[in-house]
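Student: Dropping in query-v1.cif, which is mmCIF, C-alpha atoms:
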```cif
data_start
loop_
_atom_site.group_PDB
_atom_site.id
_atom_site.type_symbol
_atom_site.label_atom_id
_atom_site.label_comp_id
_atom_site.auth_asym_id
_atom_site.auth_seq_id
_atom_site.Cartn_x
_atom_site.Cartn_y
_atom_site.Cartn_z
ATOM 1 C CA MET A 156 45.953 27.727 16.906
ATOM 2 C CA SER A 157 42.755 25.786 16.523
ATOM 3 C CA ARG A 158 39.154 26.667 16.040
ATOM 4 C CA ALA A 159 35.958 25.073 17.072
ATOM 5 C CA LEU A 160 34.951 21.871 15.330
ATOM 6 C CA PRO A 161 31.802 22.192 13.188
ATOM 7 C CA LYS A 162 28.787 20.144 14.269
ATOM 8 C CA TYR A 163 27.798 17.429 11.816
ATOM 9 C CA ASN A 164 25.056 15.759 13.837
ATOM 10 C CA LYS A 165 21.890 16.959 15.515
ATOM 11 C CA ARG A 166 22.424 15.192 18.834
ATOM 12 C CA ARG A 167 24.747 12.832 20.646
ATOM 13 C CA VAL A 168 24.025 9.719 22.640
ATOM 14 C CA GLY A 169 25.955 8.804 25.778
ATOM 15 C CA LEU A 170 27.510 5.354 25.866
ATOM 16 C CA ALA A 171 27.058 3.238 29.015
ATOM 17 C CA GLY A 172 29.798 3.251 31.618
ATOM 18 C CA GLY A 173 30.757 6.884 31.148
ATOM 19 C CA ALA A 174 32.316 6.314 27.736
ATOM 20 C CA ALA A 175 32.659 9.218 25.326
ATOM 21 C CA ALA A 176 29.499 10.314 23.554
ATOM 22 C CA VAL A 177 29.132 8.772 20.147
ATOM 23 C CA ALA A 178 26.410 9.911 17.811
ATOM 24 C CA LEU A 179 25.196 7.928 14.895
ATOM 25 C CA THR A 180 24.173 9.359 11.607
ATOM 26 C CA GLY A 181 21.895 8.015 8.916
ATOM 27 C CA ALA A 182 19.282 9.409 6.601
ATOM 28 C CA VAL A 183 15.886 7.785 7.071
ATOM 29 C CA ILE A 184 14.875 6.260 3.796
ATOM 30 C CA ALA A 185 11.538 4.739 2.871
ATOM 31 C CA GLY A 186 11.602 1.746 0.598
ATOM 32 C CA THR A 187 9.981 -1.463 -0.439
ATOM 33 C CA ALA A 188 10.201 -4.748 1.434
ATOM 34 C CA LEU A 189 13.635 -6.330 1.890
ATOM 35 C CA ALA A 190 13.531 -10.064 2.396
ATOM 36 C CA GLY A 191 16.280 -12.164 3.941
ATOM 37 C CA GLU A 192 18.939 -9.438 4.371
ATOM 38 C CA SER A 193 21.256 -9.659 7.333
ATOM 39 C CA SER A 194 24.220 -7.819 8.779
ATOM 40 C CA GLU A 195 26.916 -10.072 10.173
ATOM 41 C CA GLY A 196 28.225 -7.425 12.543
ATOM 42 C CA GLY A 197 24.851 -6.627 14.117
ATOM 43 C CA GLY A 198 21.961 -4.679 12.768
ATOM 44 C CA ALA A 199 18.987 -6.435 11.199
ATOM 45 C CA ASP A 200 18.403 -10.154 11.602
ATOM 46 C CA ALA A 201 17.464 -12.157 8.504
ATOM 47 C CA ARG A 202 13.768 -11.422 8.113
ATOM 48 C CA THR A 203 11.336 -9.527 5.934
ATOM 49 C CA LEU A 204 11.560 -5.844 6.816
ATOM 50 C CA ALA A 205 9.054 -3.073 6.281
ATOM 51 C CA GLY A 206 11.782 -1.202 4.443
ATOM 52 C CA PRO A 207 15.530 -1.401 3.778
ATOM 53 C CA GLY A 208 16.348 0.459 7.000
ATOM 54 C CA THR A 209 19.068 3.039 7.524
ATOM 55 C CA VAL A 210 22.804 2.940 8.052
ATOM 56 C CA SER A 211 24.041 4.226 11.412
ATOM 57 C CA CYS A 212 27.673 5.083 12.041
ATOM 58 C CA PRO A 213 29.621 6.466 15.025
ATOM 59 C CA ASP A 214 30.203 10.214 14.878
ATOM 60 C CA VAL A 215 33.859 10.992 14.240
ATOM 61 C CA ALA A 216 33.748 14.769 14.700
ATOM 62 C CA SER A 217 32.919 14.583 18.401
ATOM 63 C CA GLN A 218 35.883 12.269 19.047
ATOM 64 C CA LEU A 219 38.576 14.514 17.577
ATOM 65 C CA PRO A 220 41.043 16.565 19.633
ATOM 66 C CA ALA A 221 41.664 20.258 19.028
ATOM 67 C CA ILE A 222 42.347 20.682 15.311
ATOM 68 C CA PRO A 223 45.330 22.791 14.202
ATOM 69 C CA ALA A 224 44.339 25.679 11.967
ATOM 70 C CA SER A 225 46.583 24.301 9.219
ATOM 71 C CA ALA A 226 44.593 21.030 9.193
ATOM 72 C CA GLN A 227 41.081 22.463 9.586
ATOM 73 C CA ALA A 228 40.140 22.601 5.891
ATOM 74 C CA GLU A 229 41.326 19.042 5.218
ATOM 75 C CA VAL A 230 39.572 17.722 8.322
ATOM 76 C CA ASP A 231 36.325 19.511 7.398
ATOM 77 C CA ARG A 232 36.494 18.093 3.880
ATOM 78 C CA ASN A 233 36.895 14.534 5.160
ATOM 79 C CA LEU A 234 34.175 14.913 7.795
ATOM 80 C CA ALA A 235 31.831 16.003 5.021
ATOM 81 C CA LEU A 236 32.976 12.976 3.014
ATOM 82 C CA LEU A 237 32.012 10.673 5.905
ATOM 83 C CA ASP A 238 28.472 12.078 5.758
ATOM 84 C CA GLN A 239 28.417 11.661 1.977
ATOM 85 C CA GLN A 240 29.493 8.027 2.291
ATOM 86 C CA ILE A 241 26.543 7.315 4.613
ATOM 87 C CA THR A 242 24.150 9.031 2.218
ATOM 88 C CA GLU A 243 25.492 6.910 -0.650
ATOM 89 C CA ALA A 244 25.188 3.716 1.414
ATOM 90 C CA ASN A 245 21.574 4.513 2.303
ATOM 91 C CA LYS A 246 20.792 5.153 -1.370
ATOM 92 C CA ARG A 247 22.409 1.848 -2.281
ATOM 93 C CA LEU A 248 20.223 0.085 0.307
ATOM 94 C CA VAL A 249 17.164 1.270 -1.602
ATOM 95 C CA ASP A 250 18.593 0.685 -5.083
ATOM 96 C CA THR A 251 19.602 -2.932 -4.363
ATOM 97 C CA VAL A 252 16.528 -4.205 -2.493
ATOM 98 C CA GLY A 253 16.140 -7.919 -3.214
ATOM 99 C CA GLN A 254 19.591 -8.391 -4.750
ATOM 100 C CA GLY A 255 22.143 -10.950 -3.665
ATOM 101 C CA GLY A 256 22.053 -13.551 -0.929
ATOM 102 C CA PRO A 257 21.506 -13.298 2.835
ATOM 103 C CA ASN A 258 24.838 -11.511 3.387
ATOM 104 C CA PHE A 259 24.490 -9.029 0.523
ATOM 105 C CA VAL A 260 24.017 -5.947 2.745
ATOM 106 C CA GLN A 261 27.090 -6.783 4.822
ATOM 107 C CA ASN A 262 29.302 -7.705 1.876
ATOM 108 C CA ALA A 263 28.200 -5.103 -0.678
ATOM 109 C CA ILE A 264 27.208 -2.121 1.501
ATOM 110 C CA LEU A 265 28.304 -2.186 5.153
ATOM 111 C CA GLY A 266 31.701 -3.791 4.513
ATOM 112 C CA PRO A 267 32.715 -1.412 1.706
ATOM 113 C CA LEU A 268 31.398 1.535 3.736
ATOM 114 C CA GLU A 269 33.634 0.549 6.651
ATOM 115 C CA ASP A 270 36.645 0.369 4.342
ATOM 116 C CA LYS A 271 35.900 3.846 2.978
ATOM 117 C CA ARG A 272 35.534 5.214 6.503
ATOM 118 C CA VAL A 273 38.839 3.653 7.592
ATOM 119 C CA ALA A 274 40.602 5.415 4.717
ATOM 120 C CA THR A 275 38.839 8.708 5.484
ATOM 121 C CA VAL A 276 39.520 8.749 9.236
ATOM 122 C CA ASN A 277 43.142 7.875 8.505
ATOM 123 C CA ARG A 278 43.356 10.983 6.333
ATOM 124 C CA ILE A 279 41.878 13.021 9.180
ATOM 125 C CA ALA A 280 44.402 11.595 11.644
ATOM 126 C CA THR A 281 47.251 12.252 9.215
ATOM 127 C CA ALA A 282 46.185 15.882 8.668
ATOM 128 C CA ILE A 283 46.091 16.543 12.407
ATOM 129 C CA GLY A 284 49.319 14.630 12.992
ATOM 130 C CA ARG A 285 51.368 16.880 10.727
ATOM 131 C CA THR A 286 51.428 19.655 13.316
ATOM 132 C CA ALA A 287 50.031 18.044 16.501
ATOM 133 C CA ASP A 288 49.742 14.659 18.161
ATOM 134 C CA ARG A 289 48.155 12.205 15.758
ATOM 135 C CA PRO A 290 44.834 10.994 17.226
ATOM 136 C CA ALA A 291 44.820 7.253 17.856
ATOM 137 C CA GLY A 292 41.981 4.784 17.657
ATOM 138 C CA LEU A 293 39.815 6.498 15.032
ATOM 139 C CA ASP A 294 39.621 3.215 13.120
ATOM 140 C CA ALA A 295 37.349 1.967 15.904
ATOM 141 C CA LEU A 296 34.699 4.405 14.640
ATOM 142 C CA ALA A 297 34.663 2.986 11.106
ATOM 143 C CA ALA A 298 32.188 0.113 11.470
ATOM 144 C CA CYS A 299 28.511 0.910 10.843
ATOM 145 C CA SER A 300 25.296 -1.027 11.442
ATOM 146 C CA LEU A 301 21.941 -1.416 9.764
ATOM 147 C CA ASP A 302 18.905 -0.250 11.714
ATOM 148 C CA ALA A 303 15.701 -1.815 10.413
ATOM 149 C CA GLN A 304 13.092 0.779 9.535
ATOM 150 C CA GLY A 305 10.787 1.354 12.492
ATOM 151 C CA ASP A 306 13.016 -0.612 14.901
ATOM 152 C CA PRO A 307 15.017 1.159 17.616
ATOM 153 C CA ALA A 308 18.755 1.282 17.220
ATOM 154 C CA ALA A 309 20.855 -0.952 19.404
ATOM 155 C CA PRO A 310 21.723 0.450 22.867
ATOM 156 C CA GLY A 311 24.305 3.193 22.512
ATOM 157 C CA GLN A 312 23.557 3.438 18.801
ATOM 158 C CA GLU A 313 20.506 5.653 18.684
ATOM 159 C CA GLU A 314 19.806 7.088 15.263
ATOM 160 C CA THR A 315 20.149 10.783 14.559
ATOM 161 C CA GLY A 316 19.241 12.860 11.559
ATOM 162 C CA GLY A 317 21.948 12.680 8.942
ATOM 163 C CA THR A 318 23.403 15.444 6.887
ATOM 164 C CA GLU A 319 22.034 15.412 3.361
ATOM 165 C CA THR A 320 24.400 16.194 0.564
ATOM 166 C CA SER A 321 23.981 17.023 -3.078
ATOM 167 C CA ALA A 322 24.147 14.217 -5.596
ATOM 168 C CA PRO A 323 27.571 12.659 -5.010
ATOM 169 C CA PRO A 324 30.080 12.011 -7.763
ATOM 170 C CA ALA A 325 30.935 8.463 -8.672
ATOM 171 C CA GLY A 326 33.325 7.086 -6.087
ATOM 172 C CA ASP A 327 34.747 9.100 -3.191
ATOM 173 C CA ALA A 328 36.299 12.408 -4.141
ATOM 174 C CA GLY A 329 38.657 12.074 -1.172
ATOM 175 C CA ASP A 330 40.176 8.769 -2.274
ATOM 176 C CA ASP A 331 43.215 9.165 -4.478
ATOM 177 C CA ALA A 332 42.500 6.419 -6.969
ATOM 178 C CA GLY A 333 45.432 6.799 -9.337
ATOM 179 C CA ALA A 334 45.541 4.738 -12.472
ATOM 180 C CA GLY A 335 48.488 2.863 -10.991
ATOM 181 C CA GLY A 336 49.816 0.432 -13.526
ATOM 182 C CA GLY A 337 52.963 -1.495 -12.680
ATOM 183 C CA ASP A 338 53.269 -5.110 -11.689
ATOM 184 C CA ALA A 339 50.278 -7.139 -10.580
ATOM 185 C CA GLY A 340 50.246 -7.670 -6.833
ATOM 186 C CA ALA A 341 51.518 -10.950 -5.465
ATOM 187 C CA GLY A 342 49.056 -13.494 -4.174
ATOM 188 C CA GLN A 343 46.680 -13.406 -7.139
ATOM 189 C CA ASP A 344 44.789 -16.570 -7.917
ATOM 190 C CA GLY A 345 44.966 -17.976 -11.410
ATOM 191 C CA ASP A 346 41.957 -17.510 -13.663
ATOM 192 C CA ALA A 347 40.543 -21.005 -13.417
ATOM 193 C CA SER A 348 36.958 -19.987 -14.055
ATOM 194 C CA GLY A 349 37.164 -17.613 -16.997
ATOM 195 C CA VAL A 350 35.952 -14.655 -14.924
ATOM 196 C CA GLY A 351 39.309 -12.889 -15.104
ATOM 197 C CA THR A 352 41.839 -11.933 -12.467
ATOM 198 C CA ILE A 353 42.469 -8.753 -10.506
ATOM 199 C CA SER A 354 45.730 -6.921 -11.079
ATOM 200 C CA CYS A 355 47.038 -4.299 -8.652
ATOM 201 C CA PRO A 356 50.177 -2.136 -8.608
ATOM 202 C CA ASP A 357 52.960 -3.640 -6.483
ATOM 203 C CA VAL A 358 53.511 -1.466 -3.412
ATOM 204 C CA ALA A 359 56.722 -2.982 -1.996
ATOM 205 C CA PRO A 360 59.107 -1.730 -4.740
ATOM 206 C CA GLN A 361 57.748 1.810 -4.331
ATOM 207 C CA LEU A 362 58.677 2.074 -0.663
ATOM 208 C CA PRO A 363 61.748 3.938 0.611
ATOM 209 C CA ALA A 364 64.198 2.410 3.067
ATOM 210 C CA ILE A 365 62.142 0.996 5.926
ATOM 211 C CA PRO A 366 63.295 1.779 9.488
ATOM 212 C CA ALA A 367 63.931 -1.340 11.563
ATOM 213 C CA SER A 368 61.281 -0.220 14.052
ATOM 214 C CA ALA A 369 58.666 -0.214 11.285
ATOM 215 C CA GLN A 370 59.703 -3.375 9.427
ATOM 216 C CA ALA A 371 57.326 -5.798 11.146
ATOM 217 C CA GLU A 372 54.294 -3.525 10.695
ATOM 218 C CA VAL A 373 55.164 -2.835 7.064
ATOM 219 C CA ASP A 374 55.627 -6.542 6.340
ATOM 220 C CA ARG A 375 52.296 -7.326 7.987
ATOM 221 C CA ASN A 376 50.472 -4.777 5.841
ATOM 222 C CA LEU A 377 52.232 -5.856 2.643
ATOM 223 C CA ALA A 378 51.017 -9.393 3.357
ATOM 224 C CA LEU A 379 47.539 -7.970 3.944
ATOM 225 C CA LEU A 380 47.610 -6.353 0.490
ATOM 226 C CA ASP A 381 48.281 -9.775 -1.027
ATOM 227 C CA GLN A 382 45.486 -11.324 1.043
ATOM 228 C CA GLN A 383 43.059 -8.648 -0.126
ATOM 229 C CA ILE A 384 43.780 -9.475 -3.763
ATOM 230 C CA THR A 385 43.335 -13.193 -3.119
ATOM 231 C CA GLU A 386 39.993 -12.565 -1.408
ATOM 232 C CA ALA A 387 38.838 -10.299 -4.247
ATOM 233 C CA ASN A 388 39.719 -12.947 -6.857
ATOM 234 C CA LYS A 389 37.778 -15.546 -4.857
ATOM 235 C CA ARG A 390 34.814 -13.187 -4.707
ATOM 236 C CA LEU A 391 34.966 -12.827 -8.505
ATOM 237 C CA VAL A 392 34.388 -16.552 -8.793
ATOM 238 C CA ASP A 393 31.796 -16.800 -6.012
ATOM 239 C CA THR A 394 29.600 -14.012 -7.419
ATOM 240 C CA VAL A 395 29.559 -14.899 -11.109
ATOM 241 C CA GLY A 396 26.234 -13.803 -12.575
ATOM 242 C CA GLN A 397 25.205 -11.604 -9.655
ATOM 243 C CA GLY A 398 24.227 -7.940 -9.917
ATOM 244 C CA GLY A 399 24.115 -5.643 -12.916
ATOM 245 C CA PRO A 400 26.787 -4.503 -15.376
ATOM 246 C CA ASN A 401 28.634 -2.503 -12.706
ATOM 247 C CA PHE A 402 28.605 -5.222 -10.042
ATOM 248 C CA VAL A 403 32.326 -6.041 -10.260
ATOM 249 C CA GLN A 404 33.321 -2.381 -9.977
ATOM 250 C CA ASN A 405 30.869 -1.553 -7.187
ATOM 251 C CA ALA A 406 31.077 -4.735 -5.124
ATOM 252 C CA ILE A 407 34.657 -5.945 -5.724
ATOM 253 C CA LEU A 408 37.087 -3.454 -7.304
ATOM 254 C CA GLY A 409 35.763 -0.396 -5.454
ATOM 255 C CA PRO A 410 35.828 -2.006 -1.988
ATOM 256 C CA LEU A 411 39.252 -3.500 -2.752
ATOM 257 C CA GLU A 412 40.595 -0.037 -3.570
ATOM 258 C CA ASP A 413 39.235 1.328 -0.294
ATOM 259 C CA LYS A 414 40.913 -1.486 1.646
ATOM 260 C CA ARG A 415 44.196 -0.833 -0.145
ATOM 261 C CA VAL A 416 44.008 2.905 0.585
ATOM 262 C CA ALA A 417 43.642 2.140 4.300
ATOM 263 C CA THR A 418 46.465 -0.422 4.204
ATOM 264 C CA VAL A 419 49.012 1.734 2.354
ATOM 265 C CA ASN A 420 48.177 4.589 4.717
ATOM 266 C CA ARG A 421 49.103 2.327 7.623
ATOM 267 C CA ILE A 422 52.370 1.510 5.867
ATOM 268 C CA ALA A 423 53.129 5.195 5.327
ATOM 269 C CA THR A 424 52.283 5.976 8.948
ATOM 270 C CA ALA A 425 54.547 3.202 10.260
ATOM 271 C CA ILE A 426 57.494 4.501 8.228
ATOM 272 C CA GLY A 427 56.681 8.111 9.070
ATOM 273 C CA ARG A 428 57.059 7.600 12.811
ATOM 274 C CA THR A 429 60.850 7.513 12.556
ATOM 275 C CA ALA A 430 61.613 8.644 8.973
ATOM 276 C CA ASP A 431 60.117 10.746 6.205
ATOM 277 C CA ARG A 432 56.547 9.631 5.530
ATOM 278 C CA PRO A 433 56.331 8.324 1.940
ATOM 279 C CA ALA A 434 53.911 10.342 -0.181
ATOM 280 C CA GLY A 435 51.690 9.225 -3.026
ATOM 281 C CA LEU A 436 51.126 5.603 -2.023
ATOM 282 C CA ASP A 437 47.385 6.155 -2.487
ATOM 283 C CA SER A 438 48.031 6.238 -6.243
ATOM 284 C CA LEU A 439 48.837 2.512 -6.035
ATOM 285 C CA ALA A 440 45.445 1.596 -4.573
ATOM 286 C CA ALA A 441 43.316 1.200 -7.707
ATOM 287 C CA CYS A 442 43.190 -2.253 -9.298
ATOM 288 C CA THR A 443 41.868 -3.528 -12.622
ATOM 289 C CA LEU A 444 40.123 -6.642 -13.897
ATOM 290 C CA THR A 445 42.071 -8.535 -16.532
ATOM 291 C CA LYS A 446 40.022 -10.963 -18.607
#
```
How does this structure look as structure tokens?
Tutor:
Amino acid sequence: MSRALPKYNKRRVGLAGGAAAVALTGAVIAGTALAGESSEGGGADARTLAGPGTVSCPDVASQLPAIPASAQAEVDRNLALLDQQITEANKRLVDTVGQGGPNFVQNAILGPLEDKRVATVNRIATAIGRTADRPAGLDALAACSLDAQGDPAAPGQEETGGTETSAPPAGDAGDDAGAGGGDAGAGQDGDASGVGTISCPDVAPQLPAIPASAQAEVDRNLALLDQQITEANKRLVDTVGQGGPNFVQNAILGPLEDKRVATVNRIATAIGRTADRPAGLDSLAACTLTK
């Protein structure tokens, strides 16, 4: 059995060419001038804006199939989390006005938001897939854009009123960020600059026997985990002295954890297609900074 999907957005916007309707959410936020911010994936060009703008994201709820009754509560919880993530990103836009270089918004706000959304939509797909066909392609709805305040959204990305939430807890309640421990992930750079190195639990030894049909996909994602650590260590060096006391956690460790959640979920899904899906890999996502 399934029941009707709750509405999370006030209106939908039709995409050109008869594509499925995709609504964009974002809370309109007033703010002070933001100079020189840009979004590499589209959004605001580098210029002085009247305000920090708003984050607009594709609506996931309208793209879901019928939801089994057994998955409804988990799906609702993660749809609400998607709205909360947008609210947090919009707040961060205001709180960080003037910080960082020309790519700060993309690297510190839009990029991490996309990673969080990938992990969240994967949880939605997994919940539905336990008792029905797993919806494919939800990852395509993860990327968001920045709409400059007072400017129209890009075609097909018209802004809608977002869902306000109460003050969110630190981090995403839906992300299982276990303490982890274990061996540091492979691919870490040495600490040549004195800024420290990032250590992450090793995922490979925690996996069950991998079906031959899943081996290539698992190997690809294990290599991606190593690449993510390497990139995070490089970012440690490149951003020395930037931001406040929580910069490393908010701009490096937090986004890295979100990426790892999405990657280990892909590993679990690949194995689960022809064998028992490994549980608890999310607990290996959190990493630490070792000085």
Student: For this file, the PyMOL selection byres ((chain A and resi 357-363) around 12) selects which residues, as a PyMOL selection string?
Tutor: chain A and resi 335-343+354-356+364-366+369-370+373-381+384+415-416+418-420+422-423+425-427+430-442
Student: Here's a test: counting all atoms listed in the file, identify every protein, DNA and RNA residue with an atom at most 8 Å from (41.3, 7.9, 13.4) in the file's coordinate frame, and state them as a PyMOL selection string.
Tutor: chain A and resi 273+276-280+290-296
Student: Work out how far apart atom CA of A:Ala387 and atom CA of A:Thr242 are and give it in Å to one decimal.
Tutor: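 That distance, rounded to one decimal, is 25.1 Å.
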Student: Given the choices A:Glu372, A:Glu386, A:Asp288, A:Asp302, which gets closest to A:Ile222 if the distance is worked out from only C-alpha atoms?
Tutor: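 Selected residue with least distance to A:Ile222: A:Asp288.
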Student: Quick one: pull the distance between atom CA of A:Val210 and atom CA of A:Leu301, Å, one decimal.
Tutor: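 If I compute the distance from atom CA of A:Val210 to atom CA of A:Leu301, I get 4.8 Å.
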Student: Of the candidates A:Asn245, A:Ile264, A:Gly284, A:Gln240, which shows the shortest atom-to-atom distance to A:Leu219, using all atoms listed in the file?
Tutor: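 Selected residue with least distance to A:Leu219: A:Gly284.
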Student: On this file, the PyMOL selection byres ((chain A and resi 269) around 9) gives some set of residues; write that set as an MDAnalysis selection string.
Tutor: chainID A and resid 264:268 270:274 296:299 413
Student: How far is it from atom CA of A:Gln261 to atom CA of A:Cys212, in Å with one decimal?
Tutor: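 Calculated distance between atom CA of A:Gln261 and atom CA of A:Cys212 is 13.9 Å.
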Student: Of the residues A:Ala367, A:Ala417, A:Ala287, A:Gln397, which is the one nearest to A:Pro220, using all atoms listed in the file?
Tutor: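 Counting all atoms listed in the file, the residue closest to A:Pro220 is A:Ala287.
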Student: Hey, what's within 12 Å of A:Asp393 if we count all atoms listed in the file and toss same-chain stuff fewer than 3 positions away? As a CSV table (one decimal) with C-alpha atoms, in the coordinates of the input, please?
Tutor:
```csv
chain,number,residue,atom,x,y,z
A,255,GLY,CA,22.1,-11.0,-3.7
A,256,GLY,CA,22.1,-13.6,-0.9
A,348,SER,CA,37.0,-20.0,-14.1
A,350,VAL,CA,36.0,-14.7,-14.9
A,386,GLU,CA,40.0,-12.6,-1.4
A,387,ALA,CA,38.8,-10.3,-4.2
A,388,ASN,CA,39.7,-12.9,-6.9
A,389,LYS,CA,37.8,-15.5,-4.9
A,390,ARG,CA,34.8,-13.2,-4.7
A,396,GLY,CA,26.2,-13.8,-12.6
A,397,GLN,CA,25.2,-11.6,-9.7
A,403,VAL,CA,32.3,-6.0,-10.3
A,407,ILE,CA,34.7,-5.9,-5.7
```
Student: Which residue, A:Thr209, A:Thr286, A:Ser217, A:Ser368, has the smallest gap to A:Glu243 when you use all atoms listed in the file?
Tutor: A:Thr209
Student: Provide an axis-aligned box for all listed atoms of stretch 239-256 of chain A, padding each side by 3 Å; report its centre and its edge lengths in Å to one decimal, as JSON.
Tutor:
```
{"center_x": 22.8, "center_y": -0.9, "center_z": -0.2, "size_x": 19.4, "size_y": 31.2, "size_z": 15.7}
```
Student: Pick from A:Thr424, A:Gly399, A:Leu411, A:Gln383: nearest to A:Thr251, with only C-alpha atoms counted?
Tutor: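 Counting only C-alpha atoms, the residue closest to A:Thr251 is A:Gly399.
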